[in-house]
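Okay, run_13.pdb now, which holds PDB, C-alpha atoms and all ligand atoms:
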```pdb
MODEL        1
ATOM      1  CA  MET N1119     -35.665  -2.752 -41.414  1.00  0.00           C
ATOM      2  CA  ILE N1120     -33.276  -3.394 -38.582  1.00  0.00           C
ATOM      3  CA  SER N1121     -29.612  -2.749 -38.841  1.00  0.00           C
ATOM      4  CA  TYR N1122     -26.926  -3.819 -36.459  1.00  0.00           C
ATOM      5  CA  CYS N1123     -24.740  -1.635 -34.396  1.00  0.00           C
ATOM      6  CA  PRO N1124     -21.104  -2.088 -35.477  1.00  0.00           C
ATOM      7  CA  ILE N1125     -19.946  -1.488 -31.935  1.00  0.00           C
ATOM      8  CA  CYS N1126     -21.983  -3.882 -29.828  1.00  0.00           C
ATOM      9  CA  GLY N1127     -23.414  -6.034 -32.583  1.00  0.00           C
ATOM     10  CA  LYS N1128     -26.985  -5.704 -31.334  1.00  0.00           C
ATOM     11  CA  PRO N1129     -29.894  -4.607 -33.492  1.00  0.00           C
ATOM     12  CA  VAL N1130     -30.515  -0.912 -33.747  1.00  0.00           C
ATOM     13  CA  TYR N1131     -34.149   0.090 -33.974  1.00  0.00           C
ATOM     14  CA  PHE N1132     -35.236   2.981 -36.054  1.00  0.00           C
ATOM     15  CA  ALA N1133     -36.291   5.120 -33.129  1.00  0.00           C
ATOM     16  CA  GLU N1134     -32.962   4.934 -31.385  1.00  0.00           C
ATOM     17  CA  ARG N1135     -30.489   4.788 -34.186  1.00  0.00           C
ATOM     18  CA  LYS N1136     -27.801   7.301 -34.798  1.00  0.00           C
ATOM     19  CA  ARG N1137     -26.780   7.141 -38.383  1.00  0.00           C
ATOM     20  CA  SER N1138     -23.268   8.226 -39.091  1.00  0.00           C
ATOM     21  CA  LEU N1139     -20.801   7.456 -41.851  1.00  0.00           C
ATOM     22  CA  GLY N1140     -23.149   4.943 -43.389  1.00  0.00           C
ATOM     23  CA  LYS N1141     -23.669   2.893 -40.254  1.00  0.00           C
ATOM     24  CA  ASP N1142     -26.317   2.817 -37.582  1.00  0.00           C
ATOM     25  CA  TYR N1143     -25.234   3.111 -34.009  1.00  0.00           C
ATOM     26  CA  HIS N1144     -26.938   3.089 -30.695  1.00  0.00           C
ATOM     27  CA  PRO N1145     -26.859   6.545 -29.162  1.00  0.00           C
ATOM     28  CA  LEU N1146     -24.726   5.201 -26.362  1.00  0.00           C
ATOM     29  CA  CYS N1147     -22.444   3.335 -28.707  1.00  0.00           C
ATOM     30  CA  LEU N1148     -21.612   6.296 -30.848  1.00  0.00           C
ATOM     31  CA  LYS N1149     -18.707   7.456 -28.794  1.00  0.00           C
ATOM     32  CA  CYS N1150     -15.029   7.731 -29.269  1.00  0.00           C
ATOM     33  CA  TYR N1151     -13.417   4.340 -29.083  1.00  0.00           C
ATOM     34  CA  HIS N1152     -10.514   5.839 -27.255  1.00  0.00           C
ATOM     35  CA  CYS N1153     -11.713   8.547 -24.888  1.00  0.00           C
ATOM     36  CA  LYS N1154     -15.382   7.469 -24.723  1.00  0.00           C
ATOM     37  CA  ARG N1155     -16.575  10.944 -25.518  1.00  0.00           C
ATOM     38  CA  GLN N1156     -20.045  11.109 -27.040  1.00  0.00           C
ATOM     39  CA  LEU N1157     -19.932  11.821 -30.742  1.00  0.00           C
ATOM     40  CA  SER N1158     -22.319  13.614 -33.025  1.00  0.00           C
ATOM     41  CA  PRO N1159     -23.361  11.782 -36.158  1.00  0.00           C
ATOM     42  CA  GLY N1160     -21.212  12.861 -39.052  1.00  0.00           C
ATOM     43  CA  GLN N1161     -18.992  14.941 -36.817  1.00  0.00           C
ATOM     44  CA  HIS N1162     -16.364  12.401 -36.050  1.00  0.00           C
ATOM     45  CA  ALA N1163     -13.674  10.326 -37.630  1.00  0.00           C
ATOM     46  CA  GLU N1164     -13.551   6.614 -38.139  1.00  0.00           C
ATOM     47  CA  TYR N1165     -10.769   4.090 -38.232  1.00  0.00           C
ATOM     48  CA  ASP N1166     -10.986   0.335 -38.608  1.00  0.00           C
ATOM     49  CA  ASP N1167     -14.787   0.481 -38.310  1.00  0.00           C
ATOM     50  CA  LYS N1168     -14.543   2.201 -34.968  1.00  0.00           C
ATOM     51  CA  PRO N1169     -15.613   5.751 -34.310  1.00  0.00           C
ATOM     52  CA  TYR N1170     -13.121   8.205 -32.937  1.00  0.00           C
ATOM     53  CA  CYS N1171     -13.425  11.821 -32.068  1.00  0.00           C
ATOM     54  CA  ASN N1172     -11.386  14.050 -34.285  1.00  0.00           C
ATOM     55  CA  HIS N1173      -8.976  14.764 -31.497  1.00  0.00           C
ATOM     56  CA  CYS N1174      -8.114  11.140 -30.832  1.00  0.00           C
ATOM     57  CA  TYR N1175      -8.047  10.368 -34.503  1.00  0.00           C
ATOM     58  CA  LEU N1176      -5.439  12.990 -35.124  1.00  0.00           C
ATOM     59  CA  GLN N1177      -3.473  11.860 -32.130  1.00  0.00           C
ATOM     60  CA  HIS N1178      -3.363   8.245 -33.160  1.00  0.00           C
ATOM     61  CA  PHE N1179      -3.635   8.209 -36.905  1.00  0.00           C
ATOM     62  CA  GLY N1180      -2.788  11.718 -37.942  1.00  0.00           C
ATOM     63  CA  PRO N1181      -1.496  13.973 -39.095  1.00  0.00           C
ATOM     64  CA  ARG N1182      -0.305  11.909 -42.027  1.00  0.00           C
ATOM     65  CA  GLY N1183      -2.509  12.640 -44.988  1.00  0.00           C
ATOM     66  CA  THR N1184      -3.971  15.727 -43.448  1.00  0.00           C
ATOM     67  CA  ARG N1185      -2.542  19.139 -43.923  1.00  0.00           C
ATOM     68  CA  TRP N1186      -0.861  20.204 -40.769  1.00  0.00           C
ATOM     69  CA  PRO N1187       0.875  23.473 -40.160  1.00  0.00           C
ATOM     70  CA  THR N1188       4.550  23.065 -39.596  1.00  0.00           C
ATOM     71  CA  LEU N1189       4.520  24.154 -36.024  1.00  0.00           C
ATOM     72  CA  TYR N1190       8.080  23.229 -35.395  1.00  0.00           C
ATOM     73  CA  SER N1191       9.656  25.155 -38.194  1.00  0.00           C
ATOM     74  CA  SER N1192      10.333  28.019 -35.829  1.00  0.00           C
ATOM     75  CA  LEU N1193      12.120  25.710 -33.476  1.00  0.00           C
ATOM     76  CA  ARG N1194      14.822  25.077 -35.991  1.00  0.00           C
ATOM     77  CA  ALA N1195      16.603  28.186 -34.787  1.00  0.00           C
ATOM     78  CA  ALA N1196      20.155  27.305 -34.037  1.00  0.00           C
ATOM     79  CA  SER N1197      20.386  26.563 -30.399  1.00  0.00           C
ATOM     80  CA  SER N1198      23.508  28.531 -29.778  1.00  0.00           C
ATOM     81  CA  SER N1199      24.726  28.083 -26.284  1.00  0.00           C
ATOM     82  CA  LYS N1200      25.198  31.540 -24.954  1.00  0.00           C
ATOM     83  CA  VAL N1201      28.104  31.870 -22.634  1.00  0.00           C
ATOM     84  CA  PRO N1202      26.996  34.186 -19.863  1.00  0.00           C
ATOM     85  CA  LEU N1203      29.342  37.008 -19.135  1.00  0.00           C
ATOM     86  CA  GLU N1204      30.019  36.678 -15.493  1.00  0.00           C
ATOM     87  CA  ASN N1205      31.514  39.422 -13.467  1.00  0.00           C
ATOM     88  CA  GLN N1206      34.262  37.635 -11.783  1.00  0.00           C
ATOM     89  CA  ASN N1207      35.208  39.659  -8.757  1.00  0.00           C
ATOM     90  CA  SER N1208      38.456  38.096  -7.942  1.00  0.00           C
ATOM     91  CA  SER N1209      39.604  39.831  -4.903  1.00  0.00           C
TER
HETATM   92 ZN    ZN F1301     -24.588  -0.583 -30.016  1.00  0.00          ZN
HETATM   93 ZN    ZN F1302     -11.607  10.601 -28.402  1.00  0.00          ZN
ENDMDL
END
```

Translate this file's structure into structure tokens.
Amino acid sequence: MISYCPICGKPVYFAERKRSLGKDYHPLCLKCYHCKRQLSPGQHAEYDDKPYCNHCYLQHFGPRGTRWPTLYSSLRAASSSKVPLENQNSS
């Protein structure tokens, strides 16, 4: 039973296959499509049939759909322009 690597399209033999997310990859093919980092089977994201590391996935396709802490809520503080009190020594 030979399956085909979705990345390079070549057959993946049982001994070398890395099965992840229902597909069989070559060990060298199972890497992030964006940053080329090696991925662990089942420990990565996938988009458009291409594997991505979670980091790149979030960067490109997130965080819509995922829960994301509102990091910027604290930045809503009114940016009041403080007028510095200068000691004007007019002599
Ligand atoms: Zn491959
Ligand atoms: Zn990546």

Could you expand the PyMOL selection byres (((chain N and resi 1132) around 9) and not hetatm) into the explicit residues it covers here, written as a PDB file with C-alpha atoms, in the coordinates of the input?
```pdb
ATOM      1  CA  MET N1119     -35.665  -2.752 -41.414  1.00  0.00           C
ATOM      2  CA  ILE N1120     -33.276  -3.394 -38.582  1.00  0.00           C
ATOM      3  CA  SER N1121     -29.612  -2.749 -38.841  1.00  0.00           C
ATOM      4  CA  VAL N1130     -30.515  -0.912 -33.747  1.00  0.00           C
ATOM      5  CA  TYR N1131     -34.149   0.090 -33.974  1.00  0.00           C
ATOM      6  CA  ALA N1133     -36.291   5.120 -33.129  1.00  0.00           C
ATOM      7  CA  GLU N1134     -32.962   4.934 -31.385  1.00  0.00           C
ATOM      8  CA  ARG N1135     -30.489   4.788 -34.186  1.00  0.00           C
ATOM      9  CA  LYS N1136     -27.801   7.301 -34.798  1.00  0.00           C
TER      10      LYS N1136
END
```

N:Lys1154: which residues within 10 Å, counting only C-alpha atoms, same-chain residues fewer than 4 positions away excluded, as a PyMOL selection string? chain N and resi 1146-1150+1169-1171

Please produce, as JSON lines, a per-residue contact table for chain N versus ligand ZN 1302 (chain F) (criterion: any atom at most 10 Å away, only C-alpha atoms and all ligand atoms considered), showing the nearest atom pair and its distance in Å to one decimal, sorted by chain then residue number.
```
{"residue": "N:Lys1149", "atom": "CA", "partner": "F:ZN1302", "partner_atom": "ZN", "distance": 7.8}
{"residue": "N:Cys1150", "atom": "CA", "partner": "F:ZN1302", "partner_atom": "ZN", "distance": 4.5}
{"residue": "N:Tyr1151", "atom": "CA", "partner": "F:ZN1302", "partner_atom": "ZN", "distance": 6.6}
{"residue": "N:His1152", "atom": "CA", "partner": "F:ZN1302", "partner_atom": "ZN", "distance": 5.0}
{"residue": "N:Cys1153", "atom": "CA", "partner": "F:ZN1302", "partner_atom": "ZN", "distance": 4.1}
{"residue": "N:Lys1154", "atom": "CA", "partner": "F:ZN1302", "partner_atom": "ZN", "distance": 6.1}
{"residue": "N:Arg1155", "atom": "CA", "partner": "F:ZN1302", "partner_atom": "ZN", "distance": 5.8}
{"residue": "N:Gln1156", "atom": "CA", "partner": "F:ZN1302", "partner_atom": "ZN", "distance": 8.6}
{"residue": "N:Leu1157", "atom": "CA", "partner": "F:ZN1302", "partner_atom": "ZN", "distance": 8.7}
{"residue": "N:His1162", "atom": "CA", "partner": "F:ZN1302", "partner_atom": "ZN", "distance": 9.2}
{"residue": "N:Ala1163", "atom": "CA", "partner": "F:ZN1302", "partner_atom": "ZN", "distance": 9.5}
{"residue": "N:Pro1169", "atom": "CA", "partner": "F:ZN1302", "partner_atom": "ZN", "distance": 8.6}
{"residue": "N:Tyr1170", "atom": "CA", "partner": "F:ZN1302", "partner_atom": "ZN", "distance": 5.3}
{"residue": "N:Cys1171", "atom": "CA", "partner": "F:ZN1302", "partner_atom": "ZN", "distance": 4.3}
{"residue": "N:Asn1172", "atom": "CA", "partner": "F:ZN1302", "partner_atom": "ZN", "distance": 6.8}
{"residue": "N:His1173", "atom": "CA", "partner": "F:ZN1302", "partner_atom": "ZN", "distance": 5.8}
{"residue": "N:Cys1174", "atom": "CA", "partner": "F:ZN1302", "partner_atom": "ZN", "distance": 4.3}
{"residue": "N:Tyr1175", "atom": "CA", "partner": "F:ZN1302", "partner_atom": "ZN", "distance": 7.1}
{"residue": "N:Leu1176", "atom": "CA", "partner": "F:ZN1302", "partner_atom": "ZN", "distance": 9.4}
{"residue": "N:Gln1177", "atom": "CA", "partner": "F:ZN1302", "partner_atom": "ZN", "distance": 9.0}
{"residue": "N:His1178", "atom": "CA", "partner": "F:ZN1302", "partner_atom": "ZN", "distance": 9.8}
```

Target residues per the PyMOL selection byres (((chain N and resi 1139) around 8) and not hetatm), formatted as a PyMOL selection string: chain N and resi 1137-1138+1140-1141+1159-1160

Within 8 Å of ligand ZN 1301 (chain F), which residues show up when you count all atoms listed in the file? List them as a ChimeraX atom specification, please. /N:1122-1130,1143-1148

Selected residues written out, C-alpha atoms, as a PDB file, keeping the file's coordinate frame:
```pdb
ATOM      1  CA  TYR N1122     -26.926  -3.819 -36.459  1.00  0.00           C
ATOM      2  CA  CYS N1123     -24.740  -1.635 -34.396  1.00  0.00           C
ATOM      3  CA  PRO N1124     -21.104  -2.088 -35.477  1.00  0.00           C
ATOM      4  CA  ILE N1125     -19.946  -1.488 -31.935  1.00  0.00           C
ATOM      5  CA  CYS N1126     -21.983  -3.882 -29.828  1.00  0.00           C
ATOM      6  CA  GLY N1127     -23.414  -6.034 -32.583  1.00  0.00           C
ATOM      7  CA  LYS N1128     -26.985  -5.704 -31.334  1.00  0.00           C
ATOM      8  CA  PRO N1129     -29.894  -4.607 -33.492  1.00  0.00           C
ATOM      9  CA  VAL N1130     -30.515  -0.912 -33.747  1.00  0.00           C
ATOM     10  CA  TYR N1143     -25.234   3.111 -34.009  1.00  0.00           C
ATOM     11  CA  HIS N1144     -26.938   3.089 -30.695  1.00  0.00           C
ATOM     12  CA  PRO N1145     -26.859   6.545 -29.162  1.00  0.00           C
ATOM     13  CA  LEU N1146     -24.726   5.201 -26.362  1.00  0.00           C
ATOM     14  CA  CYS N1147     -22.444   3.335 -28.707  1.00  0.00           C
ATOM     15  CA  LEU N1148     -21.612   6.296 -30.848  1.00  0.00           C
TER      16      LEU N1148
END
```
